[in-house]
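Since the structure comes first, as structure tokens, the remarks are kept for the end.
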Amino acid sequence: MNAEVKMMRTAAETQYSDALAALPGAEPVRALREKALRLFAEKGLPHRRVEEWKYTDLRVLLREMAPLAGKPDAAALAEAKKCDVLANVGAREITFVNGAFVAGLSNLKGLEKGLTISTLGDALKNDATLPQLLAGLNPGKYDAVFALNTAALNDGVVIDVAAGAQVTKPIHIRHIVTGTKPVSVFGRAVVKVGKKAQATILQSHAGPDAVAYQTNTILQLSVADDAELDVVRVQAEGDKAIHLSMMIGAIGTDSRFKSFALTTGAAVSRHTVPFAYSGRNARALISGATLLRGKQHADMTLEVDHALPGGESRELFKTVLDDESRGVFQGLIVVRPDAQKTDGRMMSAALLLGENAEMDNKPELEIFADDVQCAHGATTGALDDDLLFYLRARGIPKKDAESLLIQSFFGEAIENIENEKIRDAVMKRAGHWLAARG
Amino acid sequence: MPAVQETVERVKSIDVDQYKYGFETKIEVEKAPKGLDESTVRFISAKKNEPEWMLEWRLEAFRRWKTMQEPEWARVHYQKIDYQDLYYYAAPKKQAGPKSLDELDPEILETYKKLGIPLQEQEILAGVAEENRVYSKVAVDAVFDSVSVVTTFKEELKKAGVLFMSISEAIREHPDLVKKYLGSVVPVTDNFFATLNSAVFSDGSFVYVPKGVRCPMELSTYFRINEKQTGQFERTLIIADEGAYVSYLEGCTAPSRDENQLHAAVVELVALDNAEIKYSTVQNWYPGDSEGKGGVYNFVTKRGDCRGNGSKISWTQVETGSAITWKYPSCILRGDNSQGEFYSIAISNGHQQVDSGTKMIHLGKNTSSRIISKGIAAGISQNTYRGQVSAHRKASNARNFTNCDSLLIGDKCGAHTTPYIEAKNSSAVFEHEATTSKISDDMLFYCRQRGLSAEEAVALVVNGFVKDVLQHLPMEFAVEAQKLIAISLEGSVG
């Protein structure tokens with residue numbers, strides 16, 4: 001039943017409204033923020049009756065809002081300096097500590113020709129179209145995470161790759177949380193890749209274990225015609241964190257896009273990917289591996305929207321669930337009436353290691369054009385006994401045999417990362433997770 | 001080249017209305033006053049000579065229904081139904097209850113003859129043709145608007161111990177069985193339409209197959225809506241006791257009318273230890289005309305409970321009719337080693353909207369289920385598969401295989417897939433695959449090159465597409481279904 005029940009405001013909802021309304025801000029961001037705040041006040045946090053959040057009930061999971069993080073002090077910077085997530089892959093680093101841009105931990109020197117990196121504040125002064133972009137690709141659609149993030153718009157980064165520029169050095173956006181007290185951290189990054197340009201973006205999230213901090217970060221990508229963009233994301237938040245994030249993308253005609261997301265951190269995480277084909281014949285691969293244990297809960301939600309003809313999309317997601325963890329995959333492929341000759345393939349596979357692990361898969365197809373090829377698959381299962389037996393019969397100890405099988409399972413998704421150094425770093429992180437398996 | 005006669009006829013037959021069962025039977029009927037309140041419920045119950053407990057059961061459902069809201073989550077759009085503007089009971093006026101077919105209103109007999117439903121107990125062996133039609137022995141319960149008009153082969157079935165009768169009869173004659181099982185699979189409070197049905201259901205079939213009995217013939221119910229502005233609310237209850245087997249067929253048609261008619265049925269199946277129930281439906285309600293006017297709103301709750309260990313329930317459905325279909329035949333796999341199956345072909349053309357699928361709820365150990373669903377959308381229809389597969393914490397070794405394919409014919413229709421796959425047990429193995437595509441030009445070219453017309457080629461490809469499901473239908477039905485598919489798709493090419 002879809003009964004529209006007027007819900008009581010939760011403590012967290014009130015806290016968000018109060019804390020974010022008190023933020024300072026100048027036009028035009030203020031108008032955006034106020035609008036988002038009004039929307040949030042009206043619609044609130046999503047709950048299981050909201051279809052897109054069926055398996056991740058934020059009203060229950062997000063009991064209260066942690067206080068907004070202040071400017072990082074020296075101790076915080078020292079702690080952030082030690083962060084090694086996706087370090088040593090030869091990337092240009094842009095670092096946010098507790099939501100604030102830290103120039104000292106970033107490398108903005110010697111930018112390649114055509115590459116501009118500016119803080120959100122600076123970019124707003126120079127780019128009149130930015131506010132519209134910040135309002136979202138689909139402003140009519142309400143999403144609590146997006147509304148809260150917009151209402152909290154404060155610091156962020158805008159990366160602009162000019163038409164024709166080939167930026168070979170990966171650009172790494174780091175979101176680091178420090179300290180021992182729970183804080184709320186928001187962040188926004190915008191990446192614009194011009195016509196025929198090419199770039200690689202890394203995004204990482206890290207923070208301390210045993211601290212119930214909350215993060216909300218959004219990465220907005222726009223890829224112009226004939227451009228190429230690679231994105232690799234590692235979510236390695238602390239084990240008590242609540243991590244809400246989005247990757248919003250739009251790709252132009254004949255462009256190519258590739259992304260991979262490794263999720264190992266946070267007690268509760270939700271990553272939403274609204275992805276639009278705004279040009280013809282664009283190709284995209286969206287992939288990820290999620291490795292969970294304990295009572296972790298990770299939700300991966302995709303909405304791939306083919307509006308124009310000839311698009312090709314590939315989605316591949318692998319989820320490994322140990323102990324009592326819970327994985328959620330919701331993937332929607334929409335093919336609009338004009339998007340003839342669309343070729344879409346989506347796969348979500350889950351490996352249940354813990355007896356009480358739970359996987360919820362909801363792969364959806366919504367198709368309004370007839371000349372298309374679309375398919376999705378979803379599997380859930382435990383390790384194959386025959387394969388285990390085969391390996392053990394050859395003298396491989398049980399744990400090693402299991403590790404081998406698990407690694408080959410998620411490795412299939414990681415292999416899609418083209419940059420060798422980055423692929424190795426991601427594989428190594430996944431290997432750490434495997435090694436820590438009890 | 002001028003059109004050959006065959007083409008002209010074909011075009012004519014698909015011109016506006018290819019629905020063959022759209023005729024109306026003119027007979028005198030007795031109706032309940034229009035509208036729905038407690039007195040309507042009492043009226044129906046009194047008409048059926050029901051015991052007090054049944055009336056109470058209905059009233060409780062009605063009170064509950066008043067507090068419920070119509071669900072809106074399905075991908076179907078329709079004008080709000082005015083539940084006060086409907087007749088909830090319509091029965092052919094009868095002369096003190098016909099004892100045999102000879103006493104039945106000849107108009108009704110004629111109706112069923114036109115529909116091709118054998119009401120005469122024909123002692124004909126399977127495979128012997130008569131008037132180009134193959135009959136095997138099938139017992140029929142014919143439901144006309146709100147009442148069951150006749151049930152055939154009752155005596156022969158009784159010899160085998162099988163109870164096959166209308167549900168109103170069962171309430172009077174076998175109250176213990178009805179009390180025990182009615183509402184035990186689909187609770188009174190289950191959902192908006194099921195609760196409405198619980199309050200006002202007027203008739204339907206009741207089957208009880210005792211321990212160890214293999215039902216000697218196919219049982220079937222044929223539903224016909226005839227009256228104007230009348231909702232049909234039938235209730236079917238099938239119980240297969242330990243080790244029993246029964247195969248049950250259901251068919252339905254309605255006259256072509258400009259208004260929308262409401263059909264809200266509830267079907268409950270109970271399979272005890274090692275029992276098997278096979279339930280097949282060919283749903284061919286009036287789908288509305290080419291402008292999308294009229295047609296049946298089909299809101300049906302069908303659920304089977306594999307209550308016993310080693311039990312099996314299999315649903316097979318061919319959905320070609322109705323303006324709106326909202327139907328999710330489900331299996332609750334409660335018993336250990338129980339099995340659930342769902343085979344479906346849903347074809348939508350014109351303005352039809354289909355939102356159909358299944359639920360497989362794995363509760364017992366070593367349970368398995370299989371879902372094969374084929375959706376075909378043509379015209380400007382919308383065809384959605386919506387399904388759920390879930391394994392409970394204790395459902396170790398649950399196994400599911402799901403395959404749902406959609407085929408699009410034309411560029412104005414839509415095909416959608418919304419599965420929910422929830423595994424709460426690590427030993428559960430679930431596989432789900434879905435594809436959507438159009439009939440490839442290569443395939444059509446290949447067929448046409450060999451002299452088939454465009455429509456024949458499409459029919460051939462479509463029949464190939466749905467054959468996984470067709471082969472699970474009983475013989476007579478499979479032939480019927482194949483024809484239906486061809487008819488439903490006529491006019492959708494070119």
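Each chain in the structure tokens gets a letter, A, B and so on, in the order shown; residues start at 1 in every chain, and ligands are counted from 1 in the order they appear.
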For the contact check between chain B and chain A, emit one row per residue of chain B within 9 Å, containing the shortest atom pair and the distance in Å rounded to one decimal, counting only C-alpha atoms, chain then rising number order, as a tab-separated table.
residue	atom	partner	partner_atom	distance
B:Met68	CA	A:Met1	CA	8.7
B:Gln69	CA	A:Ala3	CA	6.6
B:Glu70	CA	A:Met1	CA	7.4
B:Pro71	CA	A:Met1	CA	5.0
B:Glu72	CA	A:Asn2	CA	6.1
B:Trp73	CA	A:Asn2	CA	6.3
B:Asn191	CA	A:Met1	CA	7.7
B:Phe192	CA	A:Met1	CA	8.2
B:Gln382	CA	A:Phe368	CA	8.6
B:Thr384	CA	A:Glu366	CA	8.5
B:Ser390	CA	A:Asp360	CA	8.8
B:Arg393	CA	A:Asn356	CA	7.1
B:Asp405	CA	A:Ala375	CA	8.6
B:Leu407	CA	A:Asp370	CA	8.1
B:Leu408	CA	A:Asp370	CA	5.2
B:Ile409	CA	A:Asp370	CA	6.5
B:Gly410	CA	A:Asp370	CA	6.0
B:Asp411	CA	A:Asp370	CA	4.9
B:Lys412	CA	A:Phe368	CA	6.8
B:Cys413	CA	A:Phe368	CA	6.0
B:Gly414	CA	A:Phe368	CA	4.2
B:Ala415	CA	A:Ile367	CA	5.2
B:His416	CA	A:Glu366	CA	4.4
B:Thr417	CA	A:Leu365	CA	4.8
B:Thr418	CA	A:Glu364	CA	4.7
B:Pro419	CA	A:Lys362	CA	5.6
B:Tyr420	CA	A:Lys362	CA	4.8
B:Ile421	CA	A:Asn361	CA	4.8
B:Glu422	CA	A:Asp360	CA	4.3
B:Ala423	CA	A:Met359	CA	5.2
B:Lys424	CA	A:Glu358	CA	4.3
B:Asn425	CA	A:Asn356	CA	6.0
B:Ser426	CA	A:Glu355	CA	4.9
B:Ser427	CA	A:Ala382	CA	5.7
B:Ala428	CA	A:Gly381	CA	5.8
B:Val429	CA	A:Gly381	CA	4.4
B:Phe430	CA	A:Thr380	CA	4.9
B:Glu431	CA	A:Thr379	CA	4.4
B:His432	CA	A:Ala378	CA	4.9
B:Glu433	CA	A:Gly377	CA	4.2
B:Ala434	CA	A:His376	CA	5.2
B:Thr435	CA	A:Ala375	CA	4.0
B:Thr436	CA	A:Cys374	CA	5.0
B:Ser437	CA	A:Gln373	CA	4.9
B:Lys438	CA	A:Asp371	CA	5.6
B:Ile439	CA	A:Asp371	CA	8.4
B:Ser440	CA	A:Asp371	CA	8.5
Hey, could you make a per-residue contact list for stretch 361-437 of chain B against stretch 275-291 of chain B with 12 Å as the cut-off, showing the nearest pair of atoms and its distance in Å to one decimal, counting only C-alpha atoms, sorted by chain and number, as JSON lines?
{"residue": "B:Gly379", "atom": "CA", "partner": "B:Ser290", "partner_atom": "CA", "distance": 9.5}
{"residue": "B:Ile380", "atom": "CA", "partner": "B:Ser290", "partner_atom": "CA", "distance": 10.2}
{"residue": "B:Ser381", "atom": "CA", "partner": "B:Pro287", "partner_atom": "CA", "distance": 11.1}
Output C-alpha atoms for every residue in that selection, as a JSON list (two decimals), in the first residue's frame.
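The file below, again02.json, is the result:
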[["chain", "number", "residue", "atom", "x", "y", "z"],
["B", 379, "GLY", "CA", 0.39, -1.02, -29.96],
["B", 380, "ILE", "CA", 0.65, 1.65, -27.28],
["B", 381, "SER", "CA", 0.43, -0.74, -24.38]]
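Backbone DSSP assigns strand (DSSP E) in stretch 3-184 of chain A to Arg92, Glu93, Ile94, Thr95, Phe96, Val97, Ala100, Phe101, Leu115, Thr116, Ile117, Ser118, Thr119, Gly156, Val157, Val158, Ile159, Asp160, Val161, Ile171, His172, Ile173, Arg174, His175, Ile176 and Ser184 of chain A.
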Near stretch 326-338 of chain B, within 6 Å and counting only C-alpha atoms, which residues show up once chain neighbours fewer than 6 positions away are dropped, as a PyMOL selection string? chain B and resi 299-300+302-312+355-367
Skip B:Met54 itself and residues of its chain fewer than 4 positions away, then list as number ranges by chain all residues within 8 Å of it, counting only C-alpha atoms. B: 45, 50, 58
Show me, as a list in words, the residues that have an atom within 6 Å of A:Phe317 when counting only C-alpha atoms, minus same-chain residues fewer than 5 positions from it.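 What passes the distance filter is Ser287, Gly288, Ala289 and Ser348 of chain A.
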Since we have the selection now, will you write its residues out, keeping C-alpha atoms, as a short mmCIF file (atom, residue, chain, number, x, y, z; two decimals), in the first residue's frame?
data_model
loop_
_atom_site.label_atom_id
_atom_site.label_comp_id
_atom_site.auth_asym_id
_atom_site.auth_seq_id
_atom_site.Cartn_x
_atom_site.Cartn_y
_atom_site.Cartn_z
CA SER A 287 31.29 -0.94 -12.24
CA GLY A 288 32.08 -1.63 -8.64
CA ALA A 289 33.02 -4.07 -5.93
CA SER A 348 24.86 -7.69 -10.18
#
I'd like the contact shell of A:Ser278 - 10 Å cut-off, only C-alpha atoms, skipping same-chain residues fewer than 6 positions apart - returned as a list in words.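 Once the adjacent positions are removed, what remains is Ser222, Val223, Ala224, Asp225, Gly249, Ala250, Ile251, Gly252, Thr253, Asp305, His306, Ala307, Leu308, Pro309 and Gly311 of chain A.
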Resulting file, chosen residues, C-alpha atoms, as a short mmCIF file (atom, residue, chain, number, x, y, z; two decimals), in the first residue's frame:
data_model
loop_
_atom_site.label_atom_id
_atom_site.label_comp_id
_atom_site.auth_asym_id
_atom_site.auth_seq_id
_atom_site.Cartn_x
_atom_site.Cartn_y
_atom_site.Cartn_z
CA SER A 222 29.72 16.39 -17.28
CA VAL A 223 31.44 14.90 -20.27
CA ALA A 224 31.17 16.81 -23.54
CA ASP A 225 31.03 15.36 -27.04
CA GLY A 249 26.87 12.12 -14.59
CA ALA A 250 25.88 13.26 -18.04
CA ILE A 251 27.73 12.23 -21.16
CA GLY A 252 27.65 13.76 -24.60
CA THR A 253 27.66 12.46 -28.15
CA ASP A 305 18.88 7.05 -18.37
CA HIS A 306 19.14 6.64 -22.13
CA ALA A 307 17.39 9.61 -23.71
CA LEU A 308 19.08 9.59 -27.12
CA PRO A 309 19.79 6.91 -29.70
CA GLY A 311 23.88 4.60 -26.36
#
To one decimal place, how far is atom CA of B:Thr40 from atom CA of B:Glu60 in Å? 13.5 Å
Find the residues near A:Val145: any atom within 9 Å, counting only C-alpha atoms, skip ones fewer than 6 places away on the same chain, and give them as a list in words.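 The neighbour list is Leu45, Asn216, Thr217, Ile218, Leu244, Ser245 and Met246 of chain A.
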Can you measure atom CA of B:Gly321 to atom CA of B:Leu86 for me? One decimal in Å is fine. 21.2 Å
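For the atom pair formed by atom CA of B:Ser168 and atom CA of B:Ala264, the distance is 17.3 Å, given to one decimal.
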Given only C-alpha atoms as the basis, pick out the residue of B:Pro210, B:Pro33, B:Gly294, B:Gly464 nearest to B:Ile238.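 Between B:Pro210, B:Pro33, B:Gly294, B:Gly464, the residue approaching B:Ile238 most closely is B:Pro210.
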